[in-house]
Structure formats: structure tokens, C-alpha cells
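The data block below is protein-v3.cif; it holds mmCIF, C-alpha atoms and all ligand atoms.
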data_work
loop_
_atom_site.label_atom_id
_atom_site.label_comp_id
_atom_site.auth_asym_id
_atom_site.auth_seq_id
_atom_site.Cartn_x
_atom_site.Cartn_y
_atom_site.Cartn_z
CA MET A 1 184.35 285.67 52.34
CA LYS A 2 186.65 286.81 55.17
CA ILE A 3 187.92 290.37 55.17
CA MET A 4 190.34 291.90 57.63
CA SER A 5 190.01 295.57 58.30
CA ILE A 6 193.03 297.47 59.62
CA ASN A 7 192.96 300.86 61.29
CA ALA A 8 196.48 301.89 62.28
CA GLY A 9 196.62 305.13 64.25
CA SER A 10 199.57 307.03 65.56
CA SER A 11 199.87 304.87 68.68
CA SER A 12 197.29 302.16 68.05
CA LEU A 13 196.29 299.45 65.60
CA LYS A 14 192.72 298.22 65.53
CA PHE A 15 191.76 295.16 63.53
CA SER A 16 188.57 293.28 62.80
CA LEU A 17 188.23 290.06 60.87
CA PHE A 18 184.75 289.86 59.31
CA ASN A 19 182.83 286.99 57.80
CA MET A 20 181.22 289.11 55.10
CA ASP A 21 178.58 286.46 54.34
CA THR A 22 177.06 286.88 57.80
CA ASP A 23 178.58 290.22 58.92
CA GLU A 24 179.90 288.29 61.94
CA VAL A 25 183.08 289.59 63.56
CA LEU A 26 185.30 286.50 63.82
CA ALA A 27 187.87 288.36 65.89
CA SER A 28 188.70 291.92 66.66
CA GLY A 29 191.20 293.67 68.81
CA LEU A 30 193.36 296.56 69.62
CA PHE A 31 197.09 296.98 69.93
CA GLU A 32 197.62 300.09 72.03
CA ARG A 33 200.31 302.39 73.31
CA ILE A 34 202.55 301.41 70.39
CA GLY A 35 205.91 303.04 71.01
CA ILE A 36 204.83 304.02 74.55
CA ASP A 37 205.62 302.25 77.84
CA GLY A 38 202.96 299.73 78.88
CA SER A 39 202.01 298.60 75.37
CA CYS A 40 199.55 295.72 75.16
CA TYR A 41 197.04 294.01 72.92
CA THR A 42 193.54 292.66 73.22
CA ILE A 43 192.08 289.99 70.93
CA LYS A 44 188.48 288.94 71.40
CA ASN A 45 185.42 287.42 69.83
CA SER A 46 182.06 286.31 71.23
CA GLU A 47 183.70 283.39 73.06
CA PHE A 48 186.89 284.77 74.55
CA LYS A 49 188.95 287.81 75.28
CA ILE A 50 192.67 287.84 75.87
CA LYS A 51 194.73 290.79 76.95
CA GLU A 52 198.49 290.62 77.17
CA GLU A 53 201.25 293.10 77.82
CA VAL A 54 203.90 292.91 75.15
CA GLU A 55 206.64 295.19 73.91
CA LEU A 56 205.46 296.94 70.72
CA LYS A 57 208.33 299.02 69.41
CA ASP A 58 206.50 299.92 66.22
CA HIS A 59 203.60 298.92 63.99
CA SER A 60 205.60 296.17 62.30
CA ASP A 61 205.82 294.38 65.64
CA ALA A 62 202.05 294.65 66.07
CA VAL A 63 201.25 293.18 62.61
CA LYS A 64 203.51 290.16 63.07
CA ILE A 65 202.14 289.38 66.53
CA LEU A 66 198.53 289.80 65.31
CA LEU A 67 198.80 287.32 62.42
CA ASP A 68 200.67 284.73 64.45
CA LYS A 69 198.16 284.99 67.28
CA LEU A 70 195.18 284.42 64.94
CA ILE A 71 196.68 281.10 63.88
CA GLU A 72 197.68 280.18 67.44
CA LEU A 73 194.15 280.96 68.65
CA LYS A 74 192.71 278.84 65.80
CA ILE A 75 190.61 281.75 64.52
CA ILE A 76 192.00 280.92 61.11
CA SER A 77 193.75 277.71 60.17
CA SER A 78 195.92 279.31 57.50
CA TYR A 79 196.63 282.73 56.08
CA ASP A 80 194.81 281.68 52.86
CA GLU A 81 191.49 281.99 54.66
CA ILE A 82 191.78 285.76 54.57
CA ASP A 83 190.25 286.89 51.24
CA GLY A 84 191.15 290.54 51.50
CA VAL A 85 192.63 293.20 53.75
CA GLY A 86 191.33 296.77 53.87
CA HIS A 87 193.55 299.51 55.22
CA ARG A 88 192.32 302.83 56.52
CA ILE A 89 194.56 305.59 55.13
CA VAL A 90 194.50 309.04 56.67
CA HIS A 91 195.68 310.99 53.63
CA GLY A 92 195.24 310.39 49.94
CA GLY A 93 196.19 313.87 48.77
CA ASP A 94 194.27 315.19 45.77
CA LYS A 95 194.80 311.96 43.86
CA TYR A 96 192.57 309.55 45.76
CA THR A 97 188.92 310.54 45.88
CA LYS A 98 187.77 306.96 46.50
CA SER A 99 189.04 303.58 47.75
CA VAL A 100 191.44 301.63 45.50
CA VAL A 101 193.12 298.21 45.28
CA VAL A 102 196.69 298.35 46.67
CA THR A 103 199.54 298.35 44.17
CA ASP A 104 203.20 299.36 44.54
CA GLU A 105 202.19 302.76 43.19
CA VAL A 106 199.57 303.21 45.91
CA VAL A 107 202.09 302.35 48.64
CA ASP A 108 204.59 304.80 47.12
CA ASP A 109 201.90 307.49 47.04
CA ILE A 110 200.99 306.87 50.69
CA ILE A 111 204.64 307.39 51.61
CA LYS A 112 204.76 310.43 49.33
CA PHE A 113 201.74 311.92 51.09
CA SER A 114 203.47 311.53 54.49
CA ASP A 115 204.19 315.26 54.32
CA PHE A 116 200.45 315.74 54.77
CA ALA A 117 200.04 313.17 57.60
CA PRO A 118 203.40 312.59 59.26
CA LEU A 119 201.98 310.68 62.24
CA HIS A 120 199.85 308.28 60.20
CA ASN A 121 200.85 307.65 56.58
CA PRO A 122 204.27 306.17 57.47
CA ALA A 123 202.53 303.79 59.92
CA HIS A 124 200.00 302.81 57.21
CA ALA A 125 202.77 302.09 54.71
CA ILE A 126 204.68 299.97 57.26
CA CYS A 127 201.47 298.02 57.99
CA ILE A 128 200.66 297.44 54.31
CA LYS A 129 204.21 296.29 53.59
CA ALA A 130 204.18 293.91 56.57
CA PHE A 131 200.83 292.43 55.46
CA ARG A 132 201.99 292.09 51.84
CA GLU A 133 205.08 290.21 53.00
CA VAL A 134 203.04 287.72 55.01
CA LEU A 135 200.05 287.57 52.61
CA PRO A 136 201.63 288.15 49.17
CA ASN A 137 198.65 286.80 47.19
CA THR A 138 195.86 288.42 49.18
CA PRO A 139 194.23 291.47 47.57
CA MET A 140 194.35 294.61 49.66
CA VAL A 141 192.39 297.84 49.48
CA THR A 142 193.10 301.31 50.83
CA VAL A 143 190.18 303.38 52.13
CA PHE A 144 191.12 307.04 52.30
CA ASP A 145 189.88 309.22 55.11
CA THR A 146 190.17 312.27 52.91
CA ALA A 147 187.58 310.99 50.39
CA PHE A 148 184.42 311.90 52.41
CA HIS A 149 185.52 315.54 52.60
CA GLN A 150 185.67 315.99 48.84
CA THR A 151 182.15 317.51 48.88
CA MET A 152 183.34 320.68 50.64
CA GLU A 153 182.77 323.91 48.71
CA LYS A 154 185.86 325.66 47.45
CA TYR A 155 185.35 328.56 49.86
CA ASN A 156 185.61 326.04 52.71
CA TYR A 157 188.54 323.98 51.48
CA LEU A 158 190.75 326.85 50.31
CA TYR A 159 192.99 328.92 52.58
CA ALA A 160 193.16 332.66 52.01
CA VAL A 161 196.76 332.46 50.79
CA PRO A 162 198.24 333.19 47.34
CA TYR A 163 196.05 331.22 44.94
CA GLU A 164 199.06 329.75 43.15
CA TRP A 165 199.93 327.78 46.32
CA TYR A 166 196.77 325.80 45.64
CA GLU A 167 197.35 325.55 41.89
CA LYS A 168 201.04 324.64 42.06
CA TYR A 169 201.39 322.82 45.38
CA ASN A 170 197.86 321.57 46.18
CA VAL A 171 197.70 323.62 49.39
CA ARG A 172 194.08 323.20 50.53
CA LYS A 173 192.03 321.64 53.32
CA TYR A 174 191.74 317.86 52.91
CA GLY A 175 190.28 316.84 56.29
CA ALA A 176 190.63 313.41 57.89
CA HIS A 177 188.61 310.78 59.83
CA GLY A 178 186.27 310.76 56.81
CA THR A 179 185.51 307.04 57.11
CA SER A 180 184.35 307.57 60.69
CA HIS A 181 182.31 310.72 60.00
CA LYS A 182 180.69 308.97 56.99
CA TYR A 183 179.76 305.99 59.14
CA ILE A 184 178.36 308.23 61.91
CA ALA A 185 176.22 310.20 59.43
CA LYS A 186 174.86 306.95 57.97
CA LYS A 187 174.19 305.43 61.40
CA ILE A 188 172.47 308.43 62.97
CA SER A 189 170.32 308.82 59.83
CA GLU A 190 169.22 305.19 60.27
CA VAL A 191 168.55 305.71 64.00
CA LEU A 192 166.48 308.86 63.46
CA GLY A 193 164.90 307.62 60.20
CA ARG A 194 165.88 310.82 58.37
CA ASP A 195 168.48 311.74 55.76
CA ASP A 196 167.84 315.50 55.84
CA LEU A 197 169.93 316.13 58.96
CA ARG A 198 172.31 318.88 60.03
CA ILE A 199 174.90 316.91 62.00
CA ILE A 200 177.91 318.11 63.99
CA SER A 201 180.01 314.96 64.27
CA CYS A 202 182.66 315.05 67.03
CA HIS A 203 185.30 312.35 66.60
CA LEU A 204 187.34 312.71 69.79
CA GLY A 205 190.19 310.25 70.13
CA GLN A 206 193.96 310.49 70.36
CA GLY A 207 193.50 312.48 67.17
CA GLY A 208 190.27 314.42 66.91
CA SER A 209 188.16 316.21 64.35
CA ILE A 210 184.74 317.76 64.09
CA THR A 211 182.75 317.70 60.85
CA ALA A 212 179.68 319.64 59.76
CA ILE A 213 177.44 317.35 57.70
CA LYS A 214 174.28 318.31 55.82
CA ASP A 215 172.08 315.73 54.07
CA GLY A 216 174.87 313.13 54.41
CA LYS A 217 177.53 315.34 52.82
CA CYS A 218 180.54 316.98 54.41
CA ILE A 219 180.21 320.78 54.47
CA ASP A 220 183.26 321.59 56.58
CA THR A 221 185.76 319.87 58.85
CA THR A 222 188.38 320.89 61.40
CA MET A 223 191.42 319.03 60.14
CA GLY A 224 193.07 320.82 57.27
CA PHE A 225 195.99 320.45 54.92
CA THR A 226 197.22 317.88 57.45
CA PRO A 227 195.69 316.23 60.57
CA LEU A 228 197.63 318.75 62.68
CA ALA A 229 194.90 321.36 62.27
CA GLY A 230 191.67 321.93 64.19
CA ILE A 231 190.99 321.04 67.81
CA VAL A 232 193.54 320.37 70.57
CA MET A 233 194.51 316.66 70.41
CA GLY A 234 196.54 314.12 72.39
CA THR A 235 199.94 315.27 71.11
CA ARG A 236 198.90 317.72 68.38
CA SER A 237 198.45 321.45 68.84
CA GLY A 238 195.45 321.94 66.58
CA ASP A 239 195.16 325.43 65.03
CA ILE A 240 197.88 327.92 65.92
CA ASP A 241 199.09 331.22 64.52
CA PRO A 242 201.63 330.16 61.83
CA SER A 243 203.91 333.07 62.80
CA ILE A 244 204.83 331.07 65.91
CA ILE A 245 206.87 328.70 63.74
CA PRO A 246 209.60 331.08 62.45
CA TYR A 247 209.62 332.84 65.85
CA VAL A 248 210.37 329.60 67.75
CA MET A 249 212.86 328.50 65.07
CA GLU A 250 214.86 331.67 65.69
CA LYS A 251 214.52 331.74 69.49
CA ALA A 252 215.15 328.01 70.09
CA GLY A 253 217.54 327.42 67.18
CA MET A 254 215.24 324.74 65.80
CA SER A 255 214.63 323.81 62.16
CA ALA A 256 211.16 324.11 60.63
CA GLY A 257 210.93 320.31 60.68
CA GLU A 258 211.79 320.17 64.38
CA VAL A 259 209.13 322.76 65.23
CA VAL A 260 206.48 320.91 63.20
CA THR A 261 207.48 317.63 64.87
CA ALA A 262 207.02 319.32 68.26
CA LEU A 263 203.58 320.54 67.12
CA ASN A 264 202.67 316.98 66.10
CA LYS A 265 204.25 314.96 68.88
CA LYS A 266 204.89 317.15 71.90
CA SER A 267 201.89 319.45 71.94
CA GLY A 268 198.18 319.12 72.72
CA LEU A 269 197.21 317.45 76.01
CA LEU A 270 200.78 316.18 76.42
CA GLY A 271 202.42 319.54 75.76
CA ILE A 272 200.19 321.50 78.14
CA SER A 273 199.86 318.94 80.95
CA GLY A 274 203.46 317.72 80.81
CA VAL A 275 201.93 314.45 82.06
CA SER A 276 200.42 312.43 79.21
CA SER A 277 198.69 312.47 75.83
CA ASP A 278 196.10 310.02 77.15
CA SER A 279 192.89 311.62 78.36
CA ARG A 280 192.49 308.94 81.07
CA ASP A 281 195.78 310.14 82.60
CA ILE A 282 194.59 313.74 82.27
CA GLU A 283 191.32 312.90 84.08
CA GLU A 284 193.34 311.16 86.79
CA GLY A 285 195.63 314.20 87.11
CA ILE A 286 192.61 316.50 87.48
CA LYS A 287 191.29 314.31 90.32
CA GLU A 288 194.70 314.61 92.01
CA GLY A 289 194.56 318.41 91.70
CA ASN A 290 197.17 318.76 88.94
CA GLU A 291 196.58 322.29 87.62
CA ARG A 292 198.27 321.72 84.26
CA CYS A 293 196.06 318.68 83.62
CA ARG A 294 193.06 320.93 84.36
CA LEU A 295 194.46 323.58 81.99
CA ALA A 296 195.02 321.00 79.21
CA GLN A 297 191.44 319.74 79.61
CA ASP A 298 190.07 323.32 79.60
CA MET A 299 191.94 324.08 76.37
CA PHE A 300 190.70 320.85 74.77
CA ILE A 301 187.08 321.53 75.76
CA ASP A 302 187.29 325.15 74.62
CA SER A 303 188.61 324.16 71.18
CA VAL A 304 185.79 321.63 70.70
CA VAL A 305 183.11 324.08 71.83
CA ARG A 306 184.37 326.84 69.52
CA PHE A 307 184.13 324.59 66.46
CA ILE A 308 180.69 323.33 67.44
CA GLY A 309 179.61 327.00 67.62
CA GLU A 310 181.16 327.74 64.23
CA TYR A 311 179.48 324.77 62.57
CA TYR A 312 176.15 325.51 64.25
CA LEU A 313 176.19 328.83 62.35
CA GLU A 314 177.61 327.32 59.16
CA LEU A 315 174.85 324.70 59.05
CA GLY A 316 172.16 327.25 59.98
CA GLY A 317 171.35 325.29 63.15
CA CYS A 318 171.93 321.73 64.19
CA ASP A 319 169.62 318.72 64.46
CA VAL A 320 172.07 316.41 66.19
CA ILE A 321 175.52 316.52 67.77
CA THR A 322 177.27 313.14 67.86
CA PHE A 323 180.20 311.97 69.98
CA THR A 324 182.44 309.11 68.94
CA ALA A 325 185.98 307.58 69.25
CA GLY A 326 187.95 306.85 72.43
CA ILE A 327 187.13 310.00 74.38
CA GLY A 328 183.77 310.71 72.72
CA GLU A 329 182.43 307.22 73.40
CA ASN A 330 183.89 306.69 76.86
CA SER A 331 184.40 309.91 78.74
CA SER A 332 181.06 311.02 80.15
CA ALA A 333 182.91 313.75 82.11
CA THR A 334 184.30 315.30 78.92
CA ARG A 335 180.95 315.08 77.12
CA LYS A 336 179.25 316.82 80.04
CA GLU A 337 181.84 319.62 80.11
CA ILE A 338 181.32 320.22 76.38
CA ILE A 339 177.52 320.13 76.45
CA ASP A 340 177.31 322.34 79.54
CA LYS A 341 179.13 325.04 77.56
CA LEU A 342 176.45 324.85 74.83
CA ALA A 343 173.71 325.98 77.23
CA VAL A 344 173.48 329.35 75.45
CA LEU A 345 172.15 327.45 72.40
CA GLY A 346 169.57 325.65 74.54
CA ILE A 347 171.48 322.35 74.26
CA LYS A 348 171.21 320.35 77.49
CA ILE A 349 172.50 317.04 78.75
CA ASP A 350 170.57 314.21 80.46
CA GLU A 351 173.13 313.27 83.11
CA GLU A 352 171.68 309.82 83.72
CA ALA A 353 171.65 308.93 80.01
CA ASN A 354 175.19 310.33 79.71
CA LYS A 355 176.45 307.43 81.84
CA THR A 356 175.81 305.06 78.92
CA ARG A 357 178.86 303.57 77.22
CA GLY A 358 179.49 301.34 74.26
CA GLU A 359 176.16 301.71 72.47
CA VAL A 360 174.15 304.22 70.49
CA ALA A 361 172.51 306.43 73.11
CA LYS A 362 170.62 309.72 73.21
CA ILE A 363 172.25 311.77 75.96
CA SER A 364 170.44 315.10 75.49
CA ALA A 365 167.67 316.19 77.84
CA ASP A 366 164.14 316.02 76.44
CA ASP A 367 163.93 319.84 76.29
CA SER A 368 167.31 320.25 74.55
CA THR A 369 167.10 322.30 71.32
CA SER A 370 169.43 319.85 69.51
CA LEU A 371 169.66 316.10 69.98
CA VAL A 372 172.96 314.80 71.35
CA TYR A 373 173.96 311.18 70.72
CA VAL A 374 176.85 308.90 71.53
CA VAL A 375 177.42 306.77 68.42
CA PRO A 376 180.24 304.22 68.58
CA THR A 377 182.11 304.48 65.32
CA ASN A 378 182.59 301.43 63.11
CA GLU A 379 185.27 302.37 60.63
CA GLU A 380 186.27 298.71 60.46
CA LEU A 381 182.92 297.64 58.97
CA MET A 382 182.94 300.52 56.48
CA ILE A 383 186.48 299.55 55.43
CA ALA A 384 185.54 295.85 55.13
CA MET A 385 182.49 296.67 52.99
CA GLU A 386 184.50 298.92 50.66
CA THR A 387 187.20 296.21 50.44
CA ARG A 388 184.66 293.50 49.61
CA ASP A 389 183.07 295.67 46.94
CA LEU A 390 186.40 296.41 45.25
CA ILE A 391 187.93 292.91 45.28
CA LYS A 392 184.78 291.05 44.23
P1 LIG B 401 191.22 306.53 69.92
O1 LIG B 401 192.26 307.33 69.20
O2 LIG B 401 189.86 306.66 69.34
O3 LIG B 401 191.63 305.11 70.17
O4 LIG B 401 191.09 307.21 71.37
C1 LIG B 401 192.16 307.25 72.26
C2 LIG B 401 191.78 308.22 73.38
O5 LIG B 401 190.57 307.78 74.02
C3 LIG B 401 192.86 308.32 74.45
O6 LIG B 401 193.07 309.67 74.79
C4 LIG B 401 192.21 307.60 75.61
O7 LIG B 401 192.63 308.11 76.83
C5 LIG B 401 190.75 307.90 75.40
N1 LIG B 401 189.92 306.97 76.17
C6 LIG B 401 189.75 305.65 75.97
N2 LIG B 401 188.96 305.13 76.95
C7 LIG B 401 188.64 306.14 77.79
C8 LIG B 401 187.87 306.27 78.98
N3 LIG B 401 187.28 305.22 79.54
N4 LIG B 401 187.76 307.50 79.55
C9 LIG B 401 188.37 308.56 79.02
N5 LIG B 401 189.10 308.51 77.90
C10 LIG B 401 189.25 307.32 77.28
#
Please, can you express the file's structure as C-alpha cells?
Ligand code: AMP
Amino acid sequence: MKIMSINAGSSSLKFSLFNMDTDEVLASGLFERIGIDGSCYTIKNSEFKIKEEVELKDHSDAVKILLDKLIELKIISSYDEIDGVGHRIVHGGDKYTKSVVVTDEVVDDIIKFSDFAPLHNPAHAICIKAFREVLPNTPMVTVFDTAFHQTMEKYNYLYAVPYEWYEKYNVRKYGAHGTSHKYIAKKISEVLGRDDLRIISCHLGQGGSITAIKDGKCIDTTMGFTPLAGIVMGTRSGDIDPSIIPYVMEKAGMSAGEVVTALNKKSGLLGISGVSSDSRDIEEGIKEGNERCRLAQDMFIDSVVRFIGEYYLELGGCDVITFTAGIGENSSATRKEIIDKLAVLGIKIDEEANKTRGEVAKISADDSTSLVYVVPTNEELMIAMETRDLIK
């Protein structure tokens, strides 16, 4: 059985094609900087790796190029070889508490829930539609990132606003990145041989969230009603005082929608640095002495550290802090800045171990009060397994 797992982010599309009989990855790759100058894709397996620059106006472009390339590269001989496609979906509202087989209704719901995830759900729907056009008889599954966070207590998922907003309009915290946090909790439990762990899972990518996990279950998470909430992100503001919105609307003559778009697309690292949403560019800017890049990084680090502190208290201590996703897995400089600020809790980094990339690695010093690990996420495998289980 061959399952393709799709993870379309706001500016990226990751795919993995699995042979589920052997768990072998037949091909995987990344289309990046979608909609940004310098877009490119990488397709690789154990025998080759190709990287090409190509114009990627939107996600539709990426899907078409991906499927055609798999045939051209002889990874599959025909589209029929793909038994199922699993799509990671950021937001399933209140309706989807588990993965489901894709129907027209599911696609309509994903579009409907775009209010909750304006950067992601439209991209997911475009991807699903493109795949269904090319593979009309192939079953597809959606794996919702909101599902893992359904174990939060009401006092954690509700906002202190008029209760009828929750009852009438479903205003509550939903969280996101659940597939990744679930995978990380499972993986670190395997590594440490324990299920009874208090984990602070830091998923730091273009979008980022931190989740407090106890005994494998989500207790609290930084993203909220939408993935705009929580820590400072690539283009997203994270938490702000909501009174800023009507104030800026009046001062700048902007509509509510325009202000929220600016909070989603023009804020975060990009908004503060004025240089880029990409943390590699920010790190480069810091090296060149760009003060606004330094400020953007300081604000990012501070937002991460504050939530780690909050969850440390909420969990009553912490056995292990994990770092994952683009920044969390790759940027040893960012990890060091974060961990150095946790010194008051007795959490210490092993600078030599912190150089490790691309594998599960303990990066805390031996006398650190909490363990710190880098754990590469594998949302693709989780998605493929859920897809296989549902289409069997
Ligand atoms: P993701 O959304 O998980 O794909 O992560 C994207 C983010 O990871 C972007 O901000 C990238 O700049 C960042 N990233 C990827 N590789 C590196 C690296 N080697 N060093 C620093 N940041 C990186």
C-alpha cells in the first residue's frame, strides 16, 4: 500500500510517499517559498536528491509539478499506484474531533473554517481539489491539527468573554499543530521509555506553537481560536491586546479585515524586522548588525520563554522540553538563546550537543533540572498512518 502524505503550510508544501508495508519513504520533498521570490522544490529518496528553482505562484502550481515529477522520475509508473492521500488540516472547528475520509462536505467545511485559519485552510482546500482532479478515484483523508487539543479542560479552552459567544458562535481555543505535538509526545515517550511525562513541546517554524502535555494528553496550547494567537511567528503577531484593532482601524482608515490580514501576513518577524519572515534571513541580519532583526529575534525569544514559564507552572514542573520544526530543529543559536533564559529554573544547555541537527538529540547539560531534546517532527508519518487506518 502506497500512501502520500501532504502538509501544506502558508508558504510551503511538504510531501512524503510511503510504502506502508515496509514504512519505507519512496520519495519525499518540500516546495518552499510558495508565493515568495526564489521559490524552489526538493524531491529526494535514498538514491537521489534534486533541487530546482521554479516559479510557484500558489499551491496549485506546486501540486501539479509534484505529481508530474513523480512520474517523470519513475518513482511511480502511474497515478493508480497511489492508494490514498492524507492531508494535514490546520482547523477542523468544533465539528472534527478526529480524522475523516474526504467528501465534498469535508472540503466545504474546510473552506468554511477558513475564518479560523485564514493562512492555511484555503491552501488545504486548493491542494485537496487539485489532488482530487488528478486522482479522482483515490481515497483521501483529512487529519485535523485541532483534534489533539480536544483534551484541554474547559477553563483552558474558554476565553473570559460573554459565555454566549462560546455557546452561539463557538468562540474558544482550538489550538493547532496537534499532529506534530502528538507525534513529539509519542516519540519522546518512546525515547525515554516513560508515558508519565510533563512535556513542553515547542514547535517553532514559520508558524509556531507551544503545547503543555501531561501523560500524552494536551493540557494547554498557545494557538487559540485561530493560529494567529500565541508566540511571535514569521508573519503573525501572536498575542496582542485586542483593543489595538479598532484603534488602528480608526487611525489608519483600515477595515477590520485589513487589520487582521496585517496581523497574519505583515507582522511577526517580518513586521518588526522589515527584512523577512524567514529566521535564516533574520539571523543573517543580526550578523550584519541590523538592529531591527535583533529586536525581532528578541521579541520572538521572549514570547517563547514566557510561555515555557507559564506551562512550567501549569504542569507543576517539567520533565522535558522539546524543540521541533524548521527553527526548532535547525537553529542552534535560537535554541541556545531560549534555554539560556531558563537558567532561573536550573535548565541548562550542553553547547556541544546543541550543535546536533536532523536527529533526536539530548541537548541539555547533565546537571540541568529538566531534559531538553531536539526531536525532528514527523507529521507525514502520523498522517499516513491515520490515512491507512481509515481507508483500509
Ligand atoms: P517550517 O514552517 O517548519 O518549515 O519552518 C520554517 C522556518 O524554519 C523558517 O523561518 C526558516 O527560516 C526556518 N529554518 C529552516 N532551516 C533553518 C536553519 N538552518 N536555521 C535557522 N532557521 C531555519
### Query
Pick from A:Leu13, A:Val54, A:Val304, A:Val275: nearest to ligand LIG 401 (chain B), with only C-alpha atoms and all ligand atoms counted?
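Counting only C-alpha atoms and all ligand atoms, the residue closest to ligand LIG 401 (chain B) is A:Leu13.
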### ligand LIG 401 (chain B) neighbours within 10 Å using all atoms listed in the file, as a ChimeraX atom specification
/A:7-14,30-33,203-208,233-235,269,276-284,324-334,357,376-377
Next, dump the selected residues to file, keeping only C-alpha atoms, as a PDB file, keeping the file's coordinate frame.
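For reference, again.pdb as written:
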ATOM      1  CA  ASN A   7     192.960 300.860  61.290  1.00  0.00           C
ATOM      2  CA  ALA A   8     196.480 301.890  62.280  1.00  0.00           C
ATOM      3  CA  GLY A   9     196.620 305.130  64.250  1.00  0.00           C
ATOM      4  CA  SER A  10     199.570 307.030  65.560  1.00  0.00           C
ATOM      5  CA  SER A  11     199.870 304.870  68.680  1.00  0.00           C
ATOM      6  CA  SER A  12     197.290 302.160  68.050  1.00  0.00           C
ATOM      7  CA  LEU A  13     196.290 299.450  65.600  1.00  0.00           C
ATOM      8  CA  LYS A  14     192.720 298.220  65.530  1.00  0.00           C
ATOM      9  CA  LEU A  30     193.360 296.560  69.620  1.00  0.00           C
ATOM     10  CA  PHE A  31     197.090 296.980  69.930  1.00  0.00           C
ATOM     11  CA  GLU A  32     197.620 300.090  72.030  1.00  0.00           C
ATOM     12  CA  ARG A  33     200.310 302.390  73.310  1.00  0.00           C
ATOM     13  CA  HIS A 203     185.300 312.350  66.600  1.00  0.00           C
ATOM     14  CA  LEU A 204     187.340 312.710  69.790  1.00  0.00           C
ATOM     15  CA  GLY A 205     190.190 310.250  70.130  1.00  0.00           C
ATOM     16  CA  GLN A 206     193.960 310.490  70.360  1.00  0.00           C
ATOM     17  CA  GLY A 207     193.500 312.480  67.170  1.00  0.00           C
ATOM     18  CA  GLY A 208     190.270 314.420  66.910  1.00  0.00           C
ATOM     19  CA  MET A 233     194.510 316.660  70.410  1.00  0.00           C
ATOM     20  CA  GLY A 234     196.540 314.120  72.390  1.00  0.00           C
ATOM     21  CA  THR A 235     199.940 315.270  71.110  1.00  0.00           C
ATOM     22  CA  LEU A 269     197.210 317.450  76.010  1.00  0.00           C
ATOM     23  CA  SER A 276     200.420 312.430  79.210  1.00  0.00           C
ATOM     24  CA  SER A 277     198.690 312.470  75.830  1.00  0.00           C
ATOM     25  CA  ASP A 278     196.100 310.020  77.150  1.00  0.00           C
ATOM     26  CA  SER A 279     192.890 311.620  78.360  1.00  0.00           C
ATOM     27  CA  ARG A 280     192.490 308.940  81.070  1.00  0.00           C
ATOM     28  CA  ASP A 281     195.780 310.140  82.600  1.00  0.00           C
ATOM     29  CA  ILE A 282     194.590 313.740  82.270  1.00  0.00           C
ATOM     30  CA  GLU A 283     191.320 312.900  84.080  1.00  0.00           C
ATOM     31  CA  GLU A 284     193.340 311.160  86.790  1.00  0.00           C
ATOM     32  CA  THR A 324     182.440 309.110  68.940  1.00  0.00           C
ATOM     33  CA  ALA A 325     185.980 307.580  69.250  1.00  0.00           C
ATOM     34  CA  GLY A 326     187.950 306.850  72.430  1.00  0.00           C
ATOM     35  CA  ILE A 327     187.130 310.000  74.380  1.00  0.00           C
ATOM     36  CA  GLY A 328     183.770 310.710  72.720  1.00  0.00           C
ATOM     37  CA  GLU A 329     182.430 307.220  73.400  1.00  0.00           C
ATOM     38  CA  ASN A 330     183.890 306.690  76.860  1.00  0.00           C
ATOM     39  CA  SER A 331     184.400 309.910  78.740  1.00  0.00           C
ATOM     40  CA  SER A 332     181.060 311.020  80.150  1.00  0.00           C
ATOM     41  CA  ALA A 333     182.910 313.750  82.110  1.00  0.00           C
ATOM     42  CA  THR A 334     184.300 315.300  78.920  1.00  0.00           C
ATOM     43  CA  ARG A 357     178.860 303.570  77.220  1.00  0.00           C
ATOM     44  CA  PRO A 376     180.240 304.220  68.580  1.00  0.00           C
ATOM     45  CA  THR A 377     182.110 304.480  65.320  1.00  0.00           C
TER      46      THR A 377
END
### Message
Env of A:Ala343: 12 Å cut, atoms = only C-alpha atoms, seq-sep filter 3 positions within chain, self excluded. Answer as a ChimeraX atom specification.
### Response
/A:305,309,336-340,346-349,364-365,367-370
Could you name the residues that touch stretch 149-154 of chain A at 9 Å or less, counting only C-alpha atoms, but leaving out those on the same chain fewer than 5 positions away, as a JSON list (two decimals) with C-alpha atoms, in the coordinates of the input?
[["chain", "number", "residue", "atom", "x", "y", "z"],
["A", 97, "THR", "CA", 188.92, 310.54, 45.88],
["A", 173, "LYS", "CA", 192.03, 321.64, 53.32],
["A", 174, "TYR", "CA", 191.74, 317.86, 52.91],
["A", 175, "GLY", "CA", 190.28, 316.84, 56.29],
["A", 176, "ALA", "CA", 190.63, 313.41, 57.89],
["A", 178, "GLY", "CA", 186.27, 310.76, 56.81],
["A", 211, "THR", "CA", 182.75, 317.70, 60.85],
["A", 217, "LYS", "CA", 177.53, 315.34, 52.82],
["A", 218, "CYS", "CA", 180.54, 316.98, 54.41],
["A", 219, "ILE", "CA", 180.21, 320.78, 54.47],
["A", 220, "ASP", "CA", 183.26, 321.59, 56.58],
["A", 221, "THR", "CA", 185.76, 319.87, 58.85]]
### Task
Identify the residues around (173.3, 306.8, 56.8) within a radius of 12 Å, measuring from only C-alpha atoms in the coordinates stated by the file, and give them as an MDAnalysis selection string.
chainID A and resid 180:197 199 213:217 382
### Task
Skip A:Ser114 itself and residues of its chain fewer than 6 positions away, then list as a list of chain:residue names all residues within 10 Å of it, counting all atoms listed in the file.
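Contacts, with the query itself left out: A:Val90, A:His91, A:Gly92, A:Gly93, A:His120, A:Asn121, A:Pro122, A:Ala123, A:His124, A:Ala125, A:Thr226.
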Box dimensions and centre (Å, one decimal) enclosing stretch 251-259 of chain A, axis-aligned, 5 Å extra per side, as lines of an AutoDock Vina configuration file:
center_x = 213.3
center_y = 326.0
center_z = 65.4
size_x = 18.4
size_y = 21.6
size_z = 19.5
### Task
Identify, on the basis of all atoms listed in the file, every residue whose closest approach to stretch 69-72 of chain A does not exceed 12 Å; exclude the query and any residue fewer than 4 positions from it along the same chain; express the result as a list in words.
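Contacts, in chain order: Met4, Phe15, Ser16, Leu17, Leu26, Ala27, Ser28, Gly29, Tyr41, Thr42, Ile43, Lys44, Asn45, Ile50, Lys51, Glu52, Ala62, Val63, Lys64, Ile65, Ile76, Ser77, Ser78, Tyr79, Asp80, Glu81 and Ile82 of chain A.
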### Neighbour list for A:Ile272 as a ChimeraX atom specification, cut-off 7 Å, only C-alpha atoms, skip fewer than 3 positions in-chain
/A:267-269,292,296
### Task
Would you mind telling me which residue in A:Val143, A:Ala117, A:Leu73, A:Met385 lies nearest to A:Gly224 when using all atoms listed in the file?
A:Ala117
### Separation of atom CA of A:Ser201 from atom CA of A:Ile110 in Å
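Pair atom CA of A:Ile110 / atom CA of A:Ser201 returns 26.3 Å.
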### Task
Pick out the closest residue to A:Tyr166 from this set: A:Lys266, A:Ser209, A:Glu359, A:Asp94. Count only C-alpha atoms.
A:Asp94
